[in-house]
$ cat final.tsv   # TSV, C-alpha atoms and all ligand atoms
chain	number	residue	atom	x	y	z
A	14	MET	CA	123.61	101.27	112.78
A	15	SER	CA	123.33	104.97	113.68
A	16	ASP	CA	123.78	105.80	109.99
A	17	ARG	CA	120.26	104.51	109.19
A	18	ILE	CA	118.03	107.35	108.00
A	19	PHE	CA	114.29	107.86	108.47
A	20	ASN	CA	112.90	106.45	105.25
A	21	PHE	CA	109.37	107.59	104.42
A	22	ALA	CA	109.28	105.91	101.00
A	23	ALA	CA	105.96	104.48	99.83
A	24	GLY	CA	107.37	101.08	98.94
A	25	PRO	CA	109.80	99.42	98.97
A	26	CYS	CA	110.31	101.02	102.32
A	27	THR	CA	111.53	100.73	105.88
A	28	LEU	CA	111.73	97.20	107.26
A	29	PRO	CA	112.37	96.34	110.91
A	30	LEU	CA	116.07	96.71	111.71
A	31	PRO	CA	116.11	93.54	113.87
A	32	ALA	CA	114.81	91.55	110.87
A	33	LEU	CA	117.52	92.99	108.61
A	34	GLU	CA	120.20	92.30	111.20
A	35	LYS	CA	119.00	88.75	111.77
A	36	ALA	CA	119.14	88.10	108.01
A	37	GLN	CA	122.62	89.59	107.89
A	38	SER	CA	123.90	87.52	110.77
A	39	GLU	CA	122.69	84.20	109.41
A	40	PHE	CA	122.89	84.93	105.70
A	41	VAL	CA	126.12	83.34	104.52
A	42	ASN	CA	125.86	80.19	106.60
A	43	TYR	CA	122.26	79.49	107.51
A	44	GLN	CA	121.96	77.45	110.72
A	45	GLY	CA	125.25	75.68	110.10
A	46	LEU	CA	124.20	74.25	106.72
A	47	GLY	CA	127.20	75.80	104.99
A	48	THR	CA	124.93	77.66	102.53
A	49	SER	CA	122.55	80.59	102.72
A	50	ILE	CA	118.82	79.90	102.85
A	51	ILE	CA	118.44	81.09	99.25
A	52	GLU	CA	120.87	78.39	98.13
A	53	GLN	CA	118.82	75.62	99.73
A	54	SER	CA	116.32	73.56	97.77
A	55	HIS	CA	112.82	74.91	98.19
A	56	ARG	CA	111.77	71.28	98.76
A	57	GLY	CA	114.36	70.79	101.51
A	58	LYS	CA	113.83	70.77	105.27
A	59	ALA	CA	115.39	74.16	105.99
A	60	TYR	CA	113.29	76.12	103.54
A	61	ASP	CA	110.19	74.09	104.32
A	62	ALA	CA	110.37	75.30	107.92
A	63	VAL	CA	110.71	78.93	106.81
A	64	HIS	CA	107.76	78.57	104.42
A	65	ASN	CA	105.51	77.01	107.02
A	66	GLU	CA	106.47	79.47	109.74
A	67	ALA	CA	105.81	82.41	107.43
A	68	ILE	CA	102.31	81.09	106.80
A	69	ALA	CA	101.75	80.23	110.47
A	70	ASN	CA	102.82	83.75	111.45
A	71	LEU	CA	100.33	85.27	109.01
A	72	ARG	CA	97.58	83.01	110.31
A	73	SER	CA	98.16	83.69	113.99
A	74	LEU	CA	98.87	87.42	113.72
A	75	LEU	CA	95.83	88.14	111.56
A	76	ASN	CA	93.58	85.57	113.24
A	77	VAL	CA	92.85	83.97	109.90
A	78	PRO	CA	89.94	81.54	110.25
A	79	GLU	CA	90.45	77.85	109.41
A	80	ASP	CA	88.22	78.06	106.35
A	81	PHE	CA	90.65	80.44	104.63
A	82	ASP	CA	93.73	79.42	102.60
A	83	ILE	CA	96.90	81.51	102.78
A	84	LEU	CA	98.79	81.61	99.47
A	85	LEU	CA	102.27	83.01	98.89
A	86	LEU	CA	102.53	83.98	95.23
A	87	HIS	CA	104.83	85.68	92.77
A	88	GLY	CA	103.88	88.89	91.08
A	89	GLY	CA	103.10	91.23	93.96
A	90	ALA	CA	99.67	92.77	94.32
A	91	THR	CA	99.48	93.63	90.64
A	92	LEU	CA	99.19	90.04	89.45
A	93	GLN	CA	96.09	89.77	91.65
A	94	PHE	CA	94.47	92.57	89.65
A	95	VAL	CA	94.54	90.03	86.81
A	96	SER	CA	93.93	86.83	88.78
A	97	ILE	CA	90.80	88.09	90.54
A	98	PRO	CA	88.61	88.51	87.45
A	99	MET	CA	90.12	85.40	85.81
A	100	ASN	CA	89.36	83.18	88.80
A	101	LEU	CA	86.30	84.75	90.28
A	102	ALA	CA	84.25	86.65	87.68
A	103	LYS	CA	81.35	84.37	86.68
A	104	GLU	CA	79.60	84.33	83.36
A	105	GLY	CA	76.34	86.27	83.45
A	106	GLN	CA	77.22	87.96	86.74
A	107	SER	CA	78.65	91.38	87.42
A	108	ALA	CA	82.14	92.11	88.77
A	109	ASP	CA	81.66	95.10	91.07
A	110	TYR	CA	84.42	97.65	91.66
A	111	ILE	CA	84.63	100.53	94.12
A	112	LEU	CA	86.87	103.29	92.74
A	113	THR	CA	88.63	105.26	95.45
A	114	GLY	CA	91.93	106.23	93.84
A	115	ALA	CA	94.89	105.23	91.73
A	116	TRP	CA	95.27	101.66	92.97
A	117	SER	CA	91.62	100.69	92.79
A	118	LYS	CA	91.58	102.12	89.26
A	119	LYS	CA	94.55	99.96	88.33
A	120	ALA	CA	92.75	96.90	89.68
A	121	ALA	CA	89.59	97.91	87.83
A	122	ALA	CA	91.53	98.27	84.56
A	123	GLU	CA	91.91	94.47	84.61
A	124	GLY	CA	88.33	93.96	85.80
A	125	LYS	CA	87.19	95.80	82.67
A	126	ARG	CA	88.22	92.79	80.63
A	127	VAL	CA	85.20	90.81	81.83
A	128	PRO	CA	81.75	91.57	80.40
A	129	GLY	CA	80.17	91.99	83.85
A	130	TYR	CA	82.51	94.82	84.90
A	131	LYS	CA	80.65	97.46	86.86
A	132	VAL	CA	81.60	100.48	88.99
A	133	ILE	CA	79.26	100.54	91.97
A	134	TRP	CA	80.74	103.54	93.79
A	135	THR	CA	83.26	106.26	93.02
A	136	ASN	CA	84.06	109.76	94.11
A	137	GLU	CA	86.47	110.63	91.36
A	138	ASP	CA	84.53	113.93	91.01
A	139	GLU	CA	85.67	114.77	94.57
A	140	LYS	CA	89.23	113.81	93.58
A	141	PHE	CA	89.13	110.66	95.70
A	142	THR	CA	89.37	112.52	99.00
A	143	ARG	CA	87.28	110.09	101.01
A	144	MET	CA	86.33	106.44	101.39
A	145	PRO	CA	82.71	105.32	101.12
A	146	LEU	CA	80.75	104.60	104.27
A	147	ALA	CA	79.50	101.07	104.72
A	148	ALA	CA	75.97	102.24	103.93
A	149	ASP	CA	77.11	103.74	100.59
A	150	ILE	CA	77.95	100.29	99.20
A	151	LYS	CA	75.22	98.23	97.56
A	152	PRO	CA	76.53	95.24	95.61
A	153	SER	CA	74.68	94.31	92.43
A	154	ASP	CA	72.10	91.56	92.91
A	155	ASN	CA	74.09	89.07	90.88
A	156	ALA	CA	77.66	90.14	91.66
A	157	SER	CA	80.54	87.64	91.56
A	158	TYR	CA	82.46	89.89	93.94
A	159	VAL	CA	82.98	93.43	95.17
A	160	HIS	CA	86.52	94.83	94.99
A	161	LEU	CA	87.74	97.49	97.40
A	162	CYS	CA	91.22	98.97	97.96
A	163	SER	CA	91.15	99.43	101.72
A	164	ASN	CA	94.08	101.88	101.88
A	165	GLU	CA	94.84	104.07	98.88
A	166	THR	CA	98.59	104.52	99.09
A	167	ILE	CA	98.80	107.50	96.73
A	168	GLY	CA	95.71	109.43	97.83
A	169	GLY	CA	96.25	108.78	101.55
A	170	ILE	CA	92.76	107.51	102.41
A	171	GLU	CA	91.91	104.45	104.50
A	172	VAL	CA	88.63	102.67	104.95
A	173	GLN	CA	87.05	103.16	108.38
A	174	GLU	CA	83.98	100.95	107.93
A	175	TYR	CA	84.07	97.76	105.90
A	176	PRO	CA	80.93	97.35	103.81
A	177	ASP	CA	78.63	94.45	104.53
A	178	CYS	CA	78.19	92.75	101.16
A	179	GLY	CA	75.98	89.92	102.40
A	180	ASN	CA	76.48	86.82	100.28
A	181	VAL	CA	78.63	88.63	97.72
A	182	PRO	CA	82.35	88.03	98.39
A	183	LEU	CA	84.18	91.21	99.36
A	184	ILE	CA	87.80	91.31	98.12
A	185	ILE	CA	90.20	93.84	99.56
A	186	ASP	CA	93.57	95.09	98.39
A	187	ALA	CA	95.22	95.72	101.76
A	188	SER	CA	98.76	96.11	100.36
A	189	SER	CA	99.60	99.32	102.17
A	190	HIS	CA	98.04	98.72	105.60
A	191	ILE	CA	98.01	94.97	106.15
A	192	MET	CA	99.20	93.98	109.68
A	193	SER	CA	98.34	97.42	111.07
A	194	GLN	CA	94.77	96.59	112.05
A	195	PRO	CA	92.56	93.49	112.39
A	196	ILE	CA	90.89	92.20	109.22
A	197	PRO	CA	87.14	91.61	109.62
A	198	PHE	CA	86.96	88.11	108.17
A	199	ASP	CA	83.23	88.01	108.85
A	200	LYS	CA	82.83	90.60	106.07
A	201	VAL	CA	85.81	89.85	103.84
A	202	SER	CA	86.22	86.75	101.64
A	203	MET	CA	89.64	87.56	100.19
A	204	VAL	CA	92.48	89.83	101.23
A	205	TYR	CA	95.58	90.37	99.16
A	206	ALA	CA	98.74	92.41	99.49
A	207	GLY	CA	102.06	93.02	97.84
A	208	ALA	CA	104.65	92.36	100.53
A	209	GLN	CA	106.87	95.39	100.13
A	210	LYS	CA	105.06	97.84	102.39
A	211	ASN	CA	104.36	96.09	105.66
A	212	LEU	CA	105.58	92.52	105.18
A	213	GLY	CA	108.96	92.27	103.49
A	214	PRO	CA	110.66	92.56	100.10
A	215	ALA	CA	108.91	93.20	96.79
A	216	GLY	CA	107.77	90.52	94.38
A	217	LEU	CA	105.79	88.46	96.86
A	218	GLY	CA	102.01	88.58	96.91
A	219	VAL	CA	100.06	87.30	99.91
A	220	VAL	CA	96.53	86.06	99.21
A	221	ILE	CA	94.19	85.05	102.03
A	222	ILE	CA	91.11	83.54	100.48
A	223	LYS	CA	88.08	81.62	101.66
A	224	LYS	CA	88.42	77.95	100.73
A	225	SER	CA	84.92	77.86	99.27
A	226	LEU	CA	85.91	80.66	96.88
A	227	VAL	CA	88.94	78.66	95.73
A	228	GLU	CA	86.74	75.61	95.16
A	229	SER	CA	84.15	77.53	93.14
A	230	ALA	CA	86.72	79.52	91.10
A	231	ASN	CA	86.91	79.24	87.32
A	232	MET	CA	89.13	76.30	86.34
A	233	ASP	CA	89.48	76.90	82.59
A	234	ILE	CA	92.38	79.31	83.04
A	235	PRO	CA	96.18	78.86	82.91
A	236	ALA	CA	97.29	76.67	85.82
A	237	PHE	CA	99.76	79.19	87.16
A	238	LEU	CA	97.06	81.83	87.52
A	239	SER	CA	94.57	79.51	89.20
A	240	TYR	CA	94.13	79.86	92.96
A	241	LYS	CA	93.29	76.16	93.13
A	242	THR	CA	96.71	75.21	91.75
A	243	HIS	CA	98.52	77.12	94.49
A	244	ALA	CA	96.13	76.05	97.25
A	245	ASP	CA	96.49	72.38	96.27
A	246	ASN	CA	100.28	72.68	96.23
A	247	GLY	CA	100.84	74.64	99.44
A	248	SER	CA	102.19	77.57	97.37
A	249	MET	CA	104.94	75.26	96.02
A	250	TYR	CA	103.59	74.63	92.52
A	251	ASN	CA	106.82	76.17	91.27
A	252	THR	CA	109.79	77.63	93.12
A	253	PRO	CA	108.37	80.24	95.46
A	254	PRO	CA	110.11	83.62	95.95
A	255	VAL	CA	112.18	82.13	98.75
A	256	PHE	CA	114.15	85.20	99.76
A	257	SER	CA	111.06	87.38	100.04
A	258	ILE	CA	109.25	84.72	102.07
A	259	TYR	CA	112.25	84.29	104.36
A	260	MET	CA	112.38	88.06	104.97
A	261	MET	CA	108.63	88.16	105.55
A	262	LYS	CA	109.01	85.45	108.17
A	263	LEU	CA	111.65	87.53	109.98
A	264	THR	CA	109.52	90.67	109.67
A	265	LEU	CA	106.52	88.88	111.14
A	266	ASP	CA	108.67	87.51	113.99
A	267	TRP	CA	109.38	91.15	114.80
A	268	VAL	CA	105.68	92.03	114.60
A	269	LYS	CA	104.96	89.18	117.03
A	270	GLU	CA	107.61	90.38	119.46
A	271	ASN	CA	106.17	93.88	119.33
A	272	GLY	CA	102.59	93.22	120.31
A	273	GLY	CA	101.20	91.77	117.09
A	274	VAL	CA	98.51	93.66	115.21
A	275	THR	CA	97.40	95.41	118.41
A	276	GLY	CA	100.93	96.67	118.94
A	277	MET	CA	101.26	97.75	115.30
A	278	SER	CA	97.93	99.57	115.46
A	279	ALA	CA	98.99	101.49	118.56
A	280	LEU	CA	102.23	102.54	116.82
A	281	ALA	CA	100.27	103.65	113.75
A	282	ASP	CA	98.03	105.78	115.98
A	283	GLN	CA	101.01	107.44	117.62
A	284	ARG	CA	102.92	108.11	114.40
A	285	SER	CA	99.97	109.41	112.41
A	286	LYS	CA	98.74	111.63	115.26
A	287	LEU	CA	102.13	113.36	115.38
A	288	ILE	CA	101.99	114.25	111.69
A	289	TYR	CA	98.28	115.11	111.48
A	290	ASP	CA	98.71	117.33	114.56
A	291	ALA	CA	101.57	119.11	112.79
A	292	ILE	CA	99.27	119.68	109.81
A	293	ASP	CA	96.20	120.69	111.82
A	294	SER	CA	98.11	123.09	114.07
A	295	SER	CA	99.56	124.93	111.05
A	296	GLU	CA	96.29	126.79	110.36
A	297	GLY	CA	96.13	125.65	106.78
A	298	TRP	CA	99.76	126.29	105.89
A	299	TYR	CA	100.15	122.56	105.58
A	300	ASN	CA	97.00	121.36	103.89
A	301	CYS	CA	95.86	117.74	103.87
A	302	PRO	CA	93.18	117.46	101.15
A	303	VAL	CA	91.70	114.29	102.63
A	304	ASP	CA	88.38	114.15	104.47
A	305	LYS	CA	89.19	113.86	108.19
A	306	ASN	CA	87.16	110.67	108.55
A	307	SER	CA	89.11	108.91	105.81
A	308	ARG	CA	92.64	109.86	106.81
A	309	SER	CA	95.13	107.05	106.37
A	310	ARG	CA	97.45	106.16	109.24
A	311	MET	CA	99.99	104.72	106.81
A	312	ASN	CA	100.25	107.29	104.01
A	313	ILE	CA	99.82	110.94	104.92
A	314	VAL	CA	99.64	113.48	102.10
A	315	TRP	CA	99.78	117.23	102.30
A	316	ARG	CA	100.46	120.37	100.29
A	317	LEU	CA	102.34	123.57	101.07
A	318	PRO	CA	101.29	127.08	99.98
A	319	SER	CA	103.28	126.79	96.71
A	320	GLU	CA	105.11	124.21	94.61
A	321	ASP	CA	108.34	126.12	95.19
A	322	LEU	CA	107.91	125.70	98.94
A	323	GLU	CA	107.16	122.03	98.43
A	324	LYS	CA	110.42	121.62	96.52
A	325	LYS	CA	112.29	123.48	99.23
A	326	PHE	CA	110.61	121.40	101.95
A	327	ILE	CA	111.62	118.15	100.32
A	328	ALA	CA	115.17	119.31	99.61
A	329	GLU	CA	115.74	120.48	103.19
A	330	ALA	CA	114.06	117.40	104.63
A	331	THR	CA	116.34	115.17	102.55
A	332	GLU	CA	119.32	117.11	103.80
A	333	ALA	CA	118.11	116.59	107.37
A	334	GLY	CA	117.94	112.81	106.92
A	335	PHE	CA	114.30	112.22	105.95
A	336	SER	CA	114.00	110.41	102.63
A	337	GLY	CA	111.12	109.43	100.36
A	338	LEU	CA	108.82	112.39	101.12
A	339	LYS	CA	108.07	113.45	97.56
A	340	GLY	CA	104.40	112.97	96.72
A	341	HIS	CA	103.55	110.51	93.95
A	342	ARG	CA	104.34	111.91	90.51
A	343	SER	CA	100.64	111.86	89.63
A	344	VAL	CA	99.56	114.17	92.48
A	345	GLY	CA	102.62	116.11	93.65
A	346	GLY	CA	102.92	117.59	97.13
A	347	VAL	CA	104.41	115.74	100.06
A	348	ARG	CA	103.70	112.22	101.28
A	349	ALA	CA	104.98	110.53	104.42
A	350	SER	CA	104.54	106.78	104.27
A	351	MET	CA	104.84	105.32	107.74
A	352	TYR	CA	104.43	101.58	107.72
A	353	ASN	CA	104.75	99.24	110.68
A	354	ALA	CA	108.52	99.37	110.86
A	355	MET	CA	108.75	103.19	110.97
A	356	PRO	CA	109.85	104.09	114.50
A	357	VAL	CA	107.67	106.62	116.34
A	358	GLU	CA	110.85	108.71	116.72
A	359	GLY	CA	110.88	109.09	112.93
A	360	ALA	CA	107.41	110.62	112.98
A	361	ALA	CA	108.28	112.83	115.97
A	362	ALA	CA	111.42	114.08	114.23
A	363	LEU	CA	109.48	114.82	111.04
A	364	ALA	CA	106.75	116.67	112.98
A	365	LYS	CA	109.41	118.84	114.58
A	366	PHE	CA	111.02	119.48	111.21
A	367	MET	CA	107.61	120.54	109.86
A	368	ALA	CA	107.07	123.05	112.68
A	369	ASP	CA	110.56	124.49	112.22
A	370	PHE	CA	110.21	124.70	108.45
A	371	LYS	CA	106.94	126.57	108.78
A	372	LYS	CA	108.45	129.02	111.27
A	373	ASN	CA	111.34	129.75	108.90
A	374	ASN	CA	109.26	130.04	105.73
A	375	SER	CA	105.87	131.58	106.55
A	401	LIG	C1	101.97	99.10	96.11
A	401	LIG	C2	100.56	98.73	95.87
A	401	LIG	C3	100.19	97.83	94.87
A	401	LIG	C4	101.20	97.24	93.90
A	401	LIG	O1	101.99	96.30	94.48
A	401	LIG	P1	103.06	95.47	93.57
A	401	LIG	O2	103.62	94.52	94.56
A	401	LIG	O3	104.04	96.47	93.06
A	401	LIG	O4	102.31	94.81	92.51
A	401	LIG	C5	98.86	97.51	94.74
A	401	LIG	N1	97.93	98.04	95.54
A	401	LIG	C6	98.25	98.92	96.51
A	401	LIG	C7	97.18	99.49	97.38
A	401	LIG	C8	99.57	99.30	96.71
A	401	LIG	O5	99.89	100.18	97.67

$ encode --input "final.tsv" --output "structure tokens"
Amino acid sequence: MSDRIFNFAAGPCTLPLPALEKAQSEFVNYQGLGTSIIEQSHRGKAYDAVHNEAIANLRSLLNVPEDFDILLLHGGATLQFVSIPMNLAKEGQSADYILTGAWSKKAAAEGKRVPGYKVIWTNEDEKFTRMPLAADIKPSDNASYVHLCSNETIGGIEVQEYPDCGNVPLIIDASSHIMSQPIPFDKVSMVYAGAQKNLGPAGLGVVIIKKSLVESANMDIPAFLSYKTHADNGSMYNTPPVFSIYMMKLTLDWVKENGGVTGMSALADQRSKLIYDAIDSSEGWYNCPVDKNSRSRMNIVWRLPSEDLEKKFIAEATEAGFSGLKGHRSVGGVRASMYNAMPVEGAAALAKFMADFKKNNS
């Protein structure tokens, strides 16, 4: 497998090699059944075990309390942008949004459909270069929920302090940093994530939601979009995305074998320090526009002195075996996405490439 490259893509992205190899080795004939797992009935014994183990892995790794349901849904994180206001925005109450970048704005675009839509904090005027502090966040008196994107994948900022919203449910989009740090379930009532950054293949959405929130959700909505439907049916109301769930199970087995969330957090520290050190030691030649206190450990963004140099950097990096470094089309520059499965050696090699590139071009 020495022909694997260092893939810094924002998502879909690097998955753990042992998980890929395990899938490969058992793919054609799963556990002697004479079929692959994706050819088995989703109501059969073999898939049922995969489904339950995937959920059990999520629960144990993230220390999910008993009074939370774990739902495995179609539609990635984006469907949740829609489902949240449909299920949880109450008549006569506000739906509070914190705007910290491109993804929270996309979530808010669906929130706007309810009459109570309200932006309670934004720093768009500072170009989304920092996250709010806990003390900055004051939910409306009558809010149905507060929505926060806890790691902005495009802007490269990550929440450091979770706001305390009191009795108002706090909902977080943790798509791009789930499993890299503990989730404070004492402050958070719902967490959701698209799987394709830290958990597995695209298409799967993971929703971890307080049972009381499911019970009090709006019921006069299409059954497929109702959290209650999926909670009551163990995420088997219809055929679940079986391949994505199977791959997530294998990915989480790998997380477990590598120290769980504590292990993943330590790796994220090591990787991100290597790249931020390369930026900070360049005396401004590499420039990360993000406030130091909000720097993401998963998505690191930076600029070079000119767009021509950025193009050259990306071209030479690609040649050297680093892929996916082009910044998002909306912001330009360079972005290194380093999710749980990115080996520390990948970050070390990129840091060295950055130092060499600067030497040769400044
Ligand atoms: C990638 C991403 C999404 C979108 O996920 P899909 O699975 O493509 O719907 C939403 N929010 C954040 C923070 C993301 O990084």

$ closest_residue --input "final.tsv" --among "A:Thr264, A:Gln106, A:Gln93, A:Asn353" --to "ligand LIG 401 (chain A)" --atoms "all atoms listed in the file"
A:Gln93

$ closest_residue --input "final.tsv" --among "A:Asn246, A:Ser375, A:Gln209, A:Ser229" --to "ligand LIG 401 (chain A)" --atoms "only C-alpha atoms and all ligand atoms"
A:Gln209

$ residues_near_ligand --input "final.tsv" --ligand "ligand LIG 401 (chain A)" --cutoff "7 Å" --atoms "all atoms listed in the file" --output "list in words"
Gly24, Gly88, Gly89, Ala90, Thr91, Leu92, Trp116, Cys162, Asn164, Glu165, Thr166, Asp186, Ala187, Ser188, Ser189, Ala206, Gly207, Ala208, Gln209, Ala215, Gly216, Leu217 and Gly218 of chain A

$ atom_distance --input "final.tsv" --atom1 "CA of Phe198 in chain A" --atom2 "CA of Val274 in chain A"
14.6 Å

$ closest_atom_pairs --input "final.tsv" --of "range 237-336 of chain A" --to "range 39-48 of chain A" --cutoff "12 Å" --atoms "only C-alpha atoms" --output "JSON lines"
{"residue": "A:Phe256", "atom": "CA", "partner": "A:Phe40", "partner_atom": "CA", "distance": 10.6}
{"residue": "A:Tyr259", "atom": "CA", "partner": "A:Phe40", "partner_atom": "CA", "distance": 10.7}
{"residue": "A:Met260", "atom": "CA", "partner": "A:Phe40", "partner_atom": "CA", "distance": 11.0}
{"residue": "A:Leu263", "atom": "CA", "partner": "A:Glu39", "partner_atom": "CA", "distance": 11.5}

$ residues_near_point --input "final.tsv" --point "(90.0, 88.7, 98.4)" --cutoff "6 Å" --atoms "only C-alpha atoms" --output "JSON, numbers by chain"
{"A": [184, 185, 202, 203, 204, 205, 222]}

$ closest_residue --input "final.tsv" --among "A:Ala368, A:Ala148, A:Ala108, A:Ala22" --to "Ile313 in chain A" --atoms "all atoms listed in the file"
A:Ala22

$ atom_distance --input "final.tsv" --atom1 "CA of Arg72 in chain A" --atom2 "CA of His55 in chain A"
21.1 Å

$ residues_around --input "final.tsv" --residues "range 121-127 of chain A" --least-positions-apart "5" --cutoff "9 Å" --atoms "only C-alpha atoms" --output "number ranges by chain"
A: 94-99, 102-104, 107-112, 116, 132, 160

$ closest_residue --input "final.tsv" --among "A:Met311, A:Ile170, A:Ala236, A:Leu74" --to "Ile196 in chain A" --atoms "only C-alpha atoms"
A:Leu74

$ atom_distance --input "final.tsv" --atom1 "CA of Arg308 in chain A" --atom2 "CA of Arg284 in chain A"
12.9 Å

$ closest_residue --input "final.tsv" --among "A:Arg310, A:Pro152, A:Pro318, A:Asp290" --to "Leu363 in chain A" --atoms "all atoms listed in the file"
A:Asp290

$ residues_around --input "final.tsv" --residues "range 348-350 of chain A" --least-positions-apart "4" --cutoff "7 Å" --atoms "all atoms listed in the file" --output "list in words"
Phe21, Ala22, Ala23, Met311, Asn312, Ile313, Val314, Trp315, Leu338, Lys339 and Gly340 of chain A

$ residues_around --input "final.tsv" --residues "Asp369 in chain A" --least-positions-apart "4" --cutoff "12 Å" --atoms "all atoms listed in the file" --output "ChimeraX atom specification"
/A:291,295,326,329-330,333,362-365,373-375

$ closest_residue --input "final.tsv" --among "A:Leu30, A:Val357, A:Val255, A:Leu226" --to "Leu287 in chain A" --atoms "all atoms listed in the file"
A:Val357

$ residues_near_point --input "final.tsv" --point "(78.1, 88.1, 105.4)" --cutoff "10 Å" --atoms "only C-alpha atoms" --output "ChimeraX atom specification"
/A:176-183,198-202

$ write_last_selection --input "final.tsv" --atoms "C-alpha atoms" --output "PDB file, in the coordinates of the input"
ATOM      1  CA  PRO A 176      80.930  97.350 103.810  1.00  0.00           C
ATOM      2  CA  ASP A 177      78.630  94.450 104.530  1.00  0.00           C
ATOM      3  CA  CYS A 178      78.190  92.750 101.160  1.00  0.00           C
ATOM      4  CA  GLY A 179      75.980  89.920 102.400  1.00  0.00           C
ATOM      5  CA  ASN A 180      76.480  86.820 100.280  1.00  0.00           C
ATOM      6  CA  VAL A 181      78.630  88.630  97.720  1.00  0.00           C
ATOM      7  CA  PRO A 182      82.350  88.030  98.390  1.00  0.00           C
ATOM      8  CA  LEU A 183      84.180  91.210  99.360  1.00  0.00           C
ATOM      9  CA  PHE A 198      86.960  88.110 108.170  1.00  0.00           C
ATOM     10  CA  ASP A 199      83.230  88.010 108.850  1.00  0.00           C
ATOM     11  CA  LYS A 200      82.830  90.600 106.070  1.00  0.00           C
ATOM     12  CA  VAL A 201      85.810  89.850 103.840  1.00  0.00           C
ATOM     13  CA  SER A 202      86.220  86.750 101.640  1.00  0.00           C
TER      14      SER A 202
END

$ residues_around --input "final.tsv" --residues "Thr135 in chain A" --least-positions-apart "2" --cutoff "12 Å" --atoms "only C-alpha atoms" --output "NGL selection string"
:A and (109-115 or 117-118 or 121 or 131-133 or 137-146 or 149-150 or 161-162)
